[in-house]
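Text of target_2.cif (mmCIF, N, CA and C atoms) as supplied:
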```cif
data_data
#
loop_
_atom_site.label_atom_id
_atom_site.label_comp_id
_atom_site.auth_asym_id
_atom_site.auth_seq_id
_atom_site.Cartn_x
_atom_site.Cartn_y
_atom_site.Cartn_z
N MET S 1 0.83 -1.19 0.00
CA MET S 1 0.00 0.00 0.00
C MET S 1 0.87 1.25 0.00
N ALA S 2 0.54 2.21 -0.81
CA ALA S 2 1.26 3.48 -0.81
C ALA S 2 0.70 4.35 0.30
N THR S 3 1.56 4.92 1.09
CA THR S 3 1.11 5.78 2.18
C THR S 3 1.09 7.21 1.70
N ILE S 4 0.04 7.90 1.99
CA ILE S 4 -0.12 9.30 1.61
C ILE S 4 0.08 10.14 2.85
N VAL S 5 0.94 11.13 2.78
CA VAL S 5 1.18 12.05 3.88
C VAL S 5 0.50 13.36 3.54
N LEU S 6 -0.30 13.87 4.43
CA LEU S 6 -1.02 15.11 4.18
C LEU S 6 -0.34 16.25 4.94
N VAL S 7 -0.11 17.36 4.25
CA VAL S 7 0.49 18.53 4.89
C VAL S 7 -0.31 19.76 4.51
N CYS S 8 -0.33 20.75 5.39
CA CYS S 8 -1.03 22.00 5.09
C CYS S 8 -0.24 22.79 4.07
N GLU S 9 -0.94 23.40 3.18
CA GLU S 9 -0.33 24.24 2.16
C GLU S 9 -0.49 25.68 2.59
N GLU S 10 0.61 26.31 2.99
CA GLU S 10 0.57 27.66 3.53
C GLU S 10 0.47 28.73 2.45
N HIS S 11 1.23 28.58 1.42
CA HIS S 11 1.29 29.60 0.38
C HIS S 11 1.00 28.93 -0.95
N GLY S 12 0.03 29.36 -1.59
CA GLY S 12 -0.30 28.75 -2.87
C GLY S 12 -1.62 29.26 -3.36
N ARG S 13 -2.10 28.57 -4.35
CA ARG S 13 -3.33 29.01 -4.97
C ARG S 13 -4.53 28.88 -4.04
N SER S 14 -4.57 27.84 -3.28
CA SER S 14 -5.68 27.70 -2.34
C SER S 14 -5.18 26.98 -1.10
N LYS S 15 -5.75 27.30 0.01
CA LYS S 15 -5.37 26.62 1.23
C LYS S 15 -6.09 25.28 1.25
N GLY S 16 -5.45 24.28 1.77
CA GLY S 16 -6.09 22.98 1.82
C GLY S 16 -5.08 21.90 2.13
N ILE S 17 -5.34 20.72 1.66
CA ILE S 17 -4.49 19.58 1.93
C ILE S 17 -3.79 19.21 0.64
N LYS S 18 -2.53 18.94 0.76
CA LYS S 18 -1.71 18.63 -0.41
C LYS S 18 -1.12 17.25 -0.24
N MET S 19 -1.07 16.46 -1.30
CA MET S 19 -0.49 15.14 -1.24
C MET S 19 1.02 15.23 -1.43
N VAL S 20 1.75 14.55 -0.55
CA VAL S 20 3.18 14.43 -0.70
C VAL S 20 3.45 12.94 -0.78
N ASN S 21 3.81 12.46 -1.95
CA ASN S 21 4.02 11.03 -2.15
C ASN S 21 5.12 10.87 -3.18
N GLN S 22 6.28 10.44 -2.74
CA GLN S 22 7.41 10.33 -3.65
C GLN S 22 7.29 9.14 -4.59
N ASP S 23 6.34 8.24 -4.37
CA ASP S 23 6.17 7.09 -5.25
C ASP S 23 5.37 7.41 -6.50
N VAL S 24 4.76 8.58 -6.56
CA VAL S 24 3.92 8.93 -7.70
C VAL S 24 4.80 9.15 -8.92
N ASP S 25 4.30 8.74 -10.08
CA ASP S 25 5.03 8.95 -11.34
C ASP S 25 5.44 10.40 -11.48
N GLN S 26 6.57 10.65 -12.04
CA GLN S 26 7.03 12.00 -12.25
C GLN S 26 6.86 12.44 -13.70
N PHE S 27 6.09 11.70 -14.50
CA PHE S 27 5.84 12.08 -15.88
C PHE S 27 4.89 13.25 -15.94
N PRO S 28 5.12 14.21 -16.82
CA PRO S 28 4.21 15.36 -16.90
C PRO S 28 2.84 14.95 -17.41
N ARG S 29 1.82 15.57 -16.87
CA ARG S 29 0.44 15.28 -17.25
C ARG S 29 -0.31 16.58 -17.36
N ASP S 30 -1.39 16.53 -18.14
CA ASP S 30 -2.26 17.70 -18.11
C ASP S 30 -3.16 17.57 -16.90
N LYS S 31 -3.99 18.58 -16.64
CA LYS S 31 -4.78 18.61 -15.41
C LYS S 31 -5.87 17.55 -15.37
N THR S 32 -6.22 16.93 -16.49
CA THR S 32 -7.29 15.94 -16.48
C THR S 32 -6.77 14.52 -16.53
N SER S 33 -5.49 14.29 -16.80
CA SER S 33 -4.98 12.92 -16.81
C SER S 33 -4.02 12.76 -15.65
N SER S 34 -4.44 12.02 -14.68
CA SER S 34 -3.68 11.80 -13.46
C SER S 34 -3.81 10.34 -13.06
N THR S 35 -2.99 9.93 -12.13
CA THR S 35 -3.11 8.57 -11.61
C THR S 35 -4.33 8.50 -10.69
N PRO S 36 -4.85 7.30 -10.46
CA PRO S 36 -5.96 7.17 -9.51
C PRO S 36 -5.61 7.72 -8.13
N SER S 37 -4.37 7.56 -7.71
CA SER S 37 -3.95 8.09 -6.41
C SER S 37 -4.07 9.61 -6.38
N GLU S 38 -3.63 10.27 -7.44
CA GLU S 38 -3.72 11.73 -7.51
C GLU S 38 -5.17 12.21 -7.58
N ILE S 39 -5.98 11.49 -8.33
CA ILE S 39 -7.39 11.86 -8.44
C ILE S 39 -8.10 11.67 -7.10
N PHE S 40 -7.79 10.57 -6.41
CA PHE S 40 -8.37 10.35 -5.08
C PHE S 40 -7.98 11.48 -4.14
N ASP S 41 -6.72 11.92 -4.22
CA ASP S 41 -6.27 13.02 -3.38
C ASP S 41 -7.08 14.29 -3.64
N VAL S 42 -7.34 14.58 -4.91
CA VAL S 42 -8.14 15.76 -5.27
C VAL S 42 -9.55 15.63 -4.70
N LEU S 43 -10.15 14.44 -4.86
CA LEU S 43 -11.49 14.20 -4.33
C LEU S 43 -11.50 14.36 -2.82
N TRP S 44 -10.55 13.72 -2.14
CA TRP S 44 -10.45 13.80 -0.68
C TRP S 44 -10.32 15.26 -0.23
N SER S 45 -9.39 15.97 -0.82
CA SER S 45 -9.13 17.36 -0.43
C SER S 45 -10.36 18.24 -0.63
N ALA S 46 -11.02 18.07 -1.76
CA ALA S 46 -12.22 18.88 -2.04
C ALA S 46 -13.33 18.57 -1.04
N LEU S 47 -13.54 17.30 -0.76
CA LEU S 47 -14.61 16.93 0.18
C LEU S 47 -14.28 17.39 1.60
N VAL S 48 -13.01 17.30 2.00
CA VAL S 48 -12.63 17.77 3.33
C VAL S 48 -12.87 19.28 3.44
N GLU S 49 -12.54 20.00 2.39
CA GLU S 49 -12.76 21.45 2.39
C GLU S 49 -14.25 21.80 2.50
N ILE S 50 -15.09 21.02 1.86
CA ILE S 50 -16.53 21.30 1.84
C ILE S 50 -17.25 20.73 3.06
N LEU S 51 -16.97 19.47 3.39
CA LEU S 51 -17.75 18.74 4.40
C LEU S 51 -17.02 18.52 5.72
N GLY S 52 -15.70 18.63 5.69
CA GLY S 52 -14.91 18.30 6.88
C GLY S 52 -14.38 16.88 6.81
N SER S 53 -13.36 16.63 7.60
CA SER S 53 -12.66 15.35 7.58
C SER S 53 -13.54 14.17 8.02
N PRO S 54 -14.30 14.27 9.12
CA PRO S 54 -15.10 13.12 9.55
C PRO S 54 -16.17 12.71 8.52
N ALA S 55 -16.87 13.69 7.95
CA ALA S 55 -17.91 13.37 6.96
C ALA S 55 -17.29 12.78 5.70
N THR S 56 -16.15 13.32 5.28
CA THR S 56 -15.46 12.80 4.10
C THR S 56 -15.05 11.35 4.32
N ALA S 57 -14.45 11.07 5.47
CA ALA S 57 -14.03 9.71 5.78
C ALA S 57 -15.22 8.76 5.80
N THR S 58 -16.31 9.18 6.38
CA THR S 58 -17.51 8.35 6.46
C THR S 58 -18.07 8.05 5.07
N LEU S 59 -18.20 9.07 4.23
CA LEU S 59 -18.73 8.88 2.88
C LEU S 59 -17.85 7.96 2.04
N LEU S 60 -16.55 8.18 2.09
CA LEU S 60 -15.66 7.36 1.27
C LEU S 60 -15.58 5.93 1.78
N ARG S 61 -15.58 5.73 3.09
CA ARG S 61 -15.60 4.36 3.64
C ARG S 61 -16.88 3.64 3.20
N ARG S 62 -18.00 4.32 3.34
CA ARG S 62 -19.29 3.71 2.99
C ARG S 62 -19.34 3.35 1.50
N SER S 63 -18.88 4.25 0.66
CA SER S 63 -18.88 3.98 -0.78
C SER S 63 -17.94 2.82 -1.13
N ALA S 64 -16.78 2.78 -0.51
CA ALA S 64 -15.84 1.69 -0.77
C ALA S 64 -16.44 0.35 -0.36
N LYS S 65 -17.12 0.31 0.78
CA LYS S 65 -17.76 -0.93 1.23
C LYS S 65 -18.88 -1.35 0.29
N ARG S 66 -19.65 -0.38 -0.20
CA ARG S 66 -20.76 -0.70 -1.10
C ARG S 66 -20.28 -1.27 -2.42
N ARG S 67 -19.10 -0.86 -2.89
CA ARG S 67 -18.59 -1.31 -4.19
C ARG S 67 -17.55 -2.42 -4.08
N LEU S 68 -17.28 -2.88 -2.86
CA LEU S 68 -16.27 -3.89 -2.60
C LEU S 68 -16.52 -5.19 -3.35
N GLY S 69 -17.78 -5.60 -3.48
CA GLY S 69 -18.10 -6.84 -4.19
C GLY S 69 -17.68 -6.82 -5.65
N ASP S 70 -17.81 -5.68 -6.29
CA ASP S 70 -17.43 -5.55 -7.69
C ASP S 70 -15.95 -5.24 -7.88
N PHE S 71 -15.35 -4.58 -6.88
CA PHE S 71 -13.96 -4.14 -6.99
C PHE S 71 -13.24 -4.47 -5.67
N PRO S 72 -12.73 -5.70 -5.54
CA PRO S 72 -12.08 -6.12 -4.29
C PRO S 72 -10.90 -5.23 -3.87
N GLU S 73 -10.26 -4.56 -4.84
CA GLU S 73 -9.13 -3.70 -4.49
C GLU S 73 -9.53 -2.52 -3.61
N LEU S 74 -10.83 -2.20 -3.58
CA LEU S 74 -11.29 -1.13 -2.69
C LEU S 74 -11.12 -1.53 -1.22
N GLY S 75 -10.98 -2.82 -0.95
CA GLY S 75 -10.69 -3.28 0.40
C GLY S 75 -9.32 -2.84 0.89
N LYS S 76 -8.44 -2.47 -0.05
CA LYS S 76 -7.10 -2.00 0.30
C LYS S 76 -7.05 -0.49 0.53
N LEU S 77 -8.17 0.18 0.35
CA LEU S 77 -8.25 1.61 0.65
C LEU S 77 -8.44 1.74 2.16
N ALA S 78 -7.46 2.30 2.83
CA ALA S 78 -7.49 2.41 4.29
C ALA S 78 -7.74 3.85 4.69
N ILE S 79 -8.79 4.07 5.47
CA ILE S 79 -9.10 5.40 5.99
C ILE S 79 -9.08 5.27 7.51
N THR S 80 -8.16 6.01 8.13
CA THR S 80 -7.97 5.87 9.57
C THR S 80 -8.04 7.23 10.26
N ARG S 81 -8.38 7.18 11.51
CA ARG S 81 -8.45 8.39 12.32
C ARG S 81 -7.10 8.63 12.99
N LYS S 82 -6.62 9.85 12.87
CA LYS S 82 -5.36 10.27 13.50
C LYS S 82 -5.67 11.48 14.36
N GLY S 83 -5.97 11.26 15.62
CA GLY S 83 -6.36 12.37 16.51
C GLY S 83 -7.71 12.91 16.08
N PHE S 84 -7.74 14.18 15.72
CA PHE S 84 -9.00 14.80 15.30
C PHE S 84 -9.17 14.78 13.79
N GLU S 85 -8.19 14.31 13.08
CA GLU S 85 -8.24 14.27 11.62
C GLU S 85 -8.24 12.82 11.13
N TYR S 86 -8.46 12.67 9.85
CA TYR S 86 -8.44 11.36 9.21
C TYR S 86 -7.35 11.34 8.16
N ALA S 87 -6.79 10.17 7.95
CA ALA S 87 -5.77 9.98 6.92
C ALA S 87 -6.17 8.78 6.09
N TYR S 88 -5.55 8.63 4.94
CA TYR S 88 -5.87 7.50 4.10
C TYR S 88 -4.62 6.95 3.44
N ALA S 89 -4.72 5.71 3.03
CA ALA S 89 -3.68 5.06 2.21
C ALA S 89 -4.42 4.37 1.08
N VAL S 90 -4.02 4.67 -0.14
CA VAL S 90 -4.66 4.08 -1.31
C VAL S 90 -3.96 2.77 -1.67
N PRO S 91 -4.63 1.89 -2.40
CA PRO S 91 -3.96 0.66 -2.85
C PRO S 91 -2.70 1.00 -3.66
N ALA S 92 -1.68 0.20 -3.52
CA ALA S 92 -0.39 0.46 -4.17
C ALA S 92 -0.51 0.61 -5.68
N ASP S 93 -1.38 -0.17 -6.31
CA ASP S 93 -1.48 -0.08 -7.78
C ASP S 93 -2.20 1.18 -8.25
N TRP S 94 -2.69 2.01 -7.35
CA TRP S 94 -3.33 3.27 -7.74
C TRP S 94 -2.31 4.34 -8.10
N LYS S 95 -1.04 4.09 -7.87
CA LYS S 95 -0.05 5.11 -8.26
C LYS S 95 0.21 5.08 -9.76
N HIS S 96 -0.34 4.10 -10.45
CA HIS S 96 -0.25 4.01 -11.91
C HIS S 96 -1.65 3.72 -12.45
N ALA S 97 -2.04 4.41 -13.49
CA ALA S 97 -3.33 4.12 -14.13
C ALA S 97 -3.24 2.74 -14.78
N ASN S 98 -4.23 1.90 -14.54
CA ASN S 98 -4.25 0.58 -15.17
C ASN S 98 -5.69 0.10 -15.28
N GLU S 99 -5.86 -1.07 -15.89
CA GLU S 99 -7.21 -1.57 -16.17
C GLU S 99 -8.00 -1.95 -14.92
N ARG S 100 -7.35 -2.12 -13.77
CA ARG S 100 -8.07 -2.43 -12.53
C ARG S 100 -8.35 -1.19 -11.70
N SER S 101 -7.34 -0.32 -11.58
CA SER S 101 -7.49 0.83 -10.69
C SER S 101 -8.46 1.88 -11.23
N ASN S 102 -8.43 2.14 -12.52
CA ASN S 102 -9.31 3.16 -13.08
C ASN S 102 -10.79 2.84 -12.89
N PRO S 103 -11.25 1.61 -13.23
CA PRO S 103 -12.67 1.30 -13.00
C PRO S 103 -13.06 1.30 -11.52
N ALA S 104 -12.15 0.88 -10.65
CA ALA S 104 -12.44 0.87 -9.22
C ALA S 104 -12.64 2.30 -8.71
N LEU S 105 -11.77 3.20 -9.13
CA LEU S 105 -11.90 4.60 -8.73
C LEU S 105 -13.17 5.21 -9.33
N GLN S 106 -13.46 4.89 -10.58
CA GLN S 106 -14.68 5.39 -11.23
C GLN S 106 -15.91 4.95 -10.43
N ALA S 107 -15.96 3.69 -10.04
CA ALA S 107 -17.09 3.18 -9.26
C ALA S 107 -17.19 3.88 -7.90
N LEU S 108 -16.05 4.09 -7.25
CA LEU S 108 -16.03 4.78 -5.96
C LEU S 108 -16.56 6.20 -6.11
N VAL S 109 -16.08 6.91 -7.12
CA VAL S 109 -16.52 8.30 -7.34
C VAL S 109 -18.01 8.34 -7.64
N GLN S 110 -18.50 7.43 -8.46
CA GLN S 110 -19.93 7.40 -8.78
C GLN S 110 -20.78 7.14 -7.54
N ASP S 111 -20.32 6.23 -6.69
CA ASP S 111 -21.07 5.92 -5.47
C ASP S 111 -21.07 7.11 -4.52
N VAL S 112 -19.92 7.76 -4.36
CA VAL S 112 -19.85 8.95 -3.51
C VAL S 112 -20.79 10.03 -4.05
N CYS S 113 -20.79 10.21 -5.37
CA CYS S 113 -21.66 11.22 -5.97
C CYS S 113 -23.13 10.90 -5.76
N SER S 114 -23.49 9.63 -5.83
CA SER S 114 -24.88 9.24 -5.56
C SER S 114 -25.28 9.57 -4.13
N LEU S 115 -24.37 9.28 -3.19
CA LEU S 115 -24.65 9.60 -1.79
C LEU S 115 -24.75 11.12 -1.59
N LEU S 116 -23.83 11.85 -2.21
CA LEU S 116 -23.86 13.32 -2.09
C LEU S 116 -25.13 13.90 -2.68
N LEU S 117 -25.60 13.33 -3.78
CA LEU S 117 -26.83 13.80 -4.39
C LEU S 117 -28.00 13.62 -3.43
N GLU S 118 -28.05 12.46 -2.77
CA GLU S 118 -29.11 12.21 -1.79
C GLU S 118 -29.04 13.17 -0.61
N LEU S 119 -27.81 13.44 -0.15
CA LEU S 119 -27.63 14.22 1.07
C LEU S 119 -27.64 15.73 0.85
N THR S 120 -27.11 16.19 -0.28
CA THR S 120 -26.94 17.63 -0.48
C THR S 120 -27.58 18.16 -1.75
N GLY S 121 -28.19 17.29 -2.54
CA GLY S 121 -28.67 17.73 -3.84
C GLY S 121 -27.47 18.01 -4.73
N GLN S 122 -27.56 19.02 -5.57
CA GLN S 122 -26.50 19.34 -6.51
C GLN S 122 -25.40 20.23 -5.91
N VAL S 123 -25.55 20.66 -4.68
CA VAL S 123 -24.64 21.65 -4.09
C VAL S 123 -23.18 21.19 -4.14
N VAL S 124 -22.86 20.05 -3.56
CA VAL S 124 -21.48 19.57 -3.51
C VAL S 124 -21.04 19.08 -4.89
N LEU S 125 -21.93 18.44 -5.62
CA LEU S 125 -21.58 17.96 -6.96
C LEU S 125 -21.17 19.11 -7.86
N HIS S 126 -21.83 20.23 -7.72
CA HIS S 126 -21.48 21.41 -8.51
C HIS S 126 -20.03 21.82 -8.24
N ARG S 127 -19.62 21.79 -6.99
CA ARG S 127 -18.23 22.15 -6.63
C ARG S 127 -17.24 21.13 -7.18
N LEU S 128 -17.60 19.84 -7.14
CA LEU S 128 -16.70 18.80 -7.65
C LEU S 128 -16.55 18.88 -9.16
N ARG S 129 -17.63 19.22 -9.85
CA ARG S 129 -17.57 19.34 -11.32
C ARG S 129 -16.58 20.41 -11.77
N ALA S 130 -16.31 21.38 -10.93
CA ALA S 130 -15.41 22.48 -11.28
C ALA S 130 -13.93 22.06 -11.24
N LEU S 131 -13.64 20.89 -10.72
CA LEU S 131 -12.25 20.43 -10.60
C LEU S 131 -11.83 19.71 -11.88
N PRO S 132 -10.79 20.18 -12.56
CA PRO S 132 -10.39 19.57 -13.83
C PRO S 132 -9.99 18.10 -13.71
N GLN S 133 -9.43 17.71 -12.56
CA GLN S 133 -9.00 16.32 -12.39
C GLN S 133 -10.19 15.36 -12.34
N LEU S 134 -11.36 15.86 -12.00
CA LEU S 134 -12.55 15.01 -11.94
C LEU S 134 -13.41 15.13 -13.20
N ALA S 135 -12.91 15.87 -14.19
CA ALA S 135 -13.68 16.12 -15.40
C ALA S 135 -14.02 14.85 -16.17
N LYS S 136 -13.16 13.85 -16.12
CA LYS S 136 -13.42 12.63 -16.89
C LYS S 136 -14.47 11.73 -16.25
N PHE S 137 -14.85 12.02 -15.03
CA PHE S 137 -15.88 11.24 -14.36
C PHE S 137 -17.25 11.85 -14.64
N ASP S 138 -18.24 11.01 -14.75
CA ASP S 138 -19.59 11.49 -15.02
C ASP S 138 -20.20 11.99 -13.72
N LEU S 139 -20.05 13.28 -13.48
CA LEU S 139 -20.60 13.88 -12.26
C LEU S 139 -21.93 14.57 -12.56
N SER S 140 -22.53 14.21 -13.67
CA SER S 140 -23.78 14.87 -14.08
C SER S 140 -24.98 14.07 -13.62
N LEU S 141 -24.91 13.53 -12.43
CA LEU S 141 -26.04 12.80 -11.87
C LEU S 141 -27.20 13.74 -11.69
N SER S 142 -28.37 13.27 -12.01
CA SER S 142 -29.54 14.13 -11.80
C SER S 142 -30.32 13.59 -10.61
N GLU S 143 -31.20 14.43 -10.10
CA GLU S 143 -31.98 14.01 -8.94
C GLU S 143 -33.03 12.97 -9.30
N ASP S 144 -33.21 12.71 -10.59
CA ASP S 144 -34.17 11.70 -11.02
C ASP S 144 -33.61 10.29 -10.88
N ARG S 145 -32.29 10.16 -10.83
CA ARG S 145 -31.65 8.85 -10.78
C ARG S 145 -31.91 8.13 -9.50
#
```

Before we go any further, please render this structure as structure tokens.
Amino acid sequence: MATIVLVCEEHGRSKGIKMVNQDVDQFPRDKTSSTPSEIFDVLWSALVEILGSPATATLLRRSAKRRLGDFPELGKLAITRKGFEYAYAVPADWKHANERSNPALQALVQDVCSLLLELTGQVVLHRLRALPQLAKFDLSLSEDR
């Protein structure tokens, strides 16, 4: 499992949580093509900023458990409590895009979005749609679904 270390970003474009992981590929990418690990970090950071760490951890744990039958690798997604905050470790193969990790992440994102739609309507989904790293995911869930 790749361990993700979260640090506060003091000076930059936005305050929030930044991933520091030396195992991530160093190949240049555009803002929409990233590894599953990097995309998960963007999702985690955005949800923590909007909902807070406990709610984010709860939603992602619940979604991972719901999709575990279809994607056993989601069982390797570890979300743990560290004092008053939560941390996570993604499956090791998420540091590279591949035929297993991409569909598992897609399923996780879709499940989280379904839960968010039920809980918040379009409010949080609208904020997630604005993130270029999540652009390839179908975040256009409607309330009719």

Exercise. To one decimal place, how far is CA of Leu47 in chain S from CA of Trp94 in chain S in Å?
Worked result: 19.4 Å

Problem set entry | All residues 9 Å or closer to Ile79 in chain S, only C-alpha atoms, same chain fewer than 3 positions away omitted, as a list in words |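 Close residues of Ile79 in chain S: Ala57, Thr58, Leu60, Arg61, Tyr86, Ala87, Tyr88, Ala89 and Val90 of chain S.
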
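The smallest atom-to-atom distance between Arg81 in chain S and any of S:Ala130, S:Leu117, S:Ala135, S:Ala55, using only C-alpha atoms, is found for S:Ala55.
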
For this session: Skip Trp44 in chain S itself and residues of its chain fewer than 5 positions away, then list as a PyMOL selection string all residues within 8 Å of it, counting all atoms listed in the file.
Result: chain S and resi 17+38-39+49-50+56-57

Output for the residues just chosen: N, CA and C atoms as a JSON list (two decimals), in the frame of the given file:
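Contents of selection_28.json, as written:
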```
[["chain", "number", "residue", "atom", "x", "y", "z"],
["S", 17, "ILE", "N", -5.34, 20.72, 1.66],
["S", 17, "ILE", "CA", -4.49, 19.58, 1.93],
["S", 17, "ILE", "C", -3.79, 19.21, 0.64],
["S", 38, "GLU", "N", -3.63, 10.27, -7.44],
["S", 38, "GLU", "CA", -3.72, 11.73, -7.51],
["S", 38, "GLU", "C", -5.17, 12.21, -7.58],
["S", 39, "ILE", "N", -5.98, 11.49, -8.33],
["S", 39, "ILE", "CA", -7.39, 11.86, -8.44],
["S", 39, "ILE", "C", -8.10, 11.67, -7.10],
["S", 49, "GLU", "N", -12.54, 20.00, 2.39],
["S", 49, "GLU", "CA", -12.76, 21.45, 2.39],
["S", 49, "GLU", "C", -14.25, 21.80, 2.50],
["S", 50, "ILE", "N", -15.09, 21.02, 1.86],
["S", 50, "ILE", "CA", -16.53, 21.30, 1.84],
["S", 50, "ILE", "C", -17.25, 20.73, 3.06],
["S", 56, "THR", "N", -16.15, 13.32, 5.28],
["S", 56, "THR", "CA", -15.46, 12.80, 4.10],
["S", 56, "THR", "C", -15.05, 11.35, 4.32],
["S", 57, "ALA", "N", -14.45, 11.07, 5.47],
["S", 57, "ALA", "CA", -14.03, 9.71, 5.78],
["S", 57, "ALA", "C", -15.22, 8.76, 5.80]]
```

Exercise. Written as a ChimeraX atom specification, what is the full residue list that the PyMOL selection byres ((chain S and resi 95) around 6) yields on the file shown?
Worked result: /S:24-25,35-37,91-94,96-97

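Taking CA of Gly52 in chain S and atom N of Asn98 in chain S as the two end points, the separation is 29.0 Å.
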
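When only C-alpha atoms are used to measure the gap to Ala64 in chain S, the shortest distance among S:Gly83, S:Leu77, S:Arg100, S:Leu128 belongs to S:Leu77.
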
For this session: Could you please determine the separation between atom N of Leu119 in chain S and atom N of Leu134 in chain S in Å, to one decimal place?
Result: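 Computing it gives 20.4 Å between the two atoms.
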
For this session: Considering only C-alpha atoms, state which residue in the set S:Leu51, S:Ala107, S:Ala46, S:Leu115 is at the smallest distance from Phe137 in chain S.
Result: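 Closest to Phe137 in chain S of all the choices is S:Ala107.
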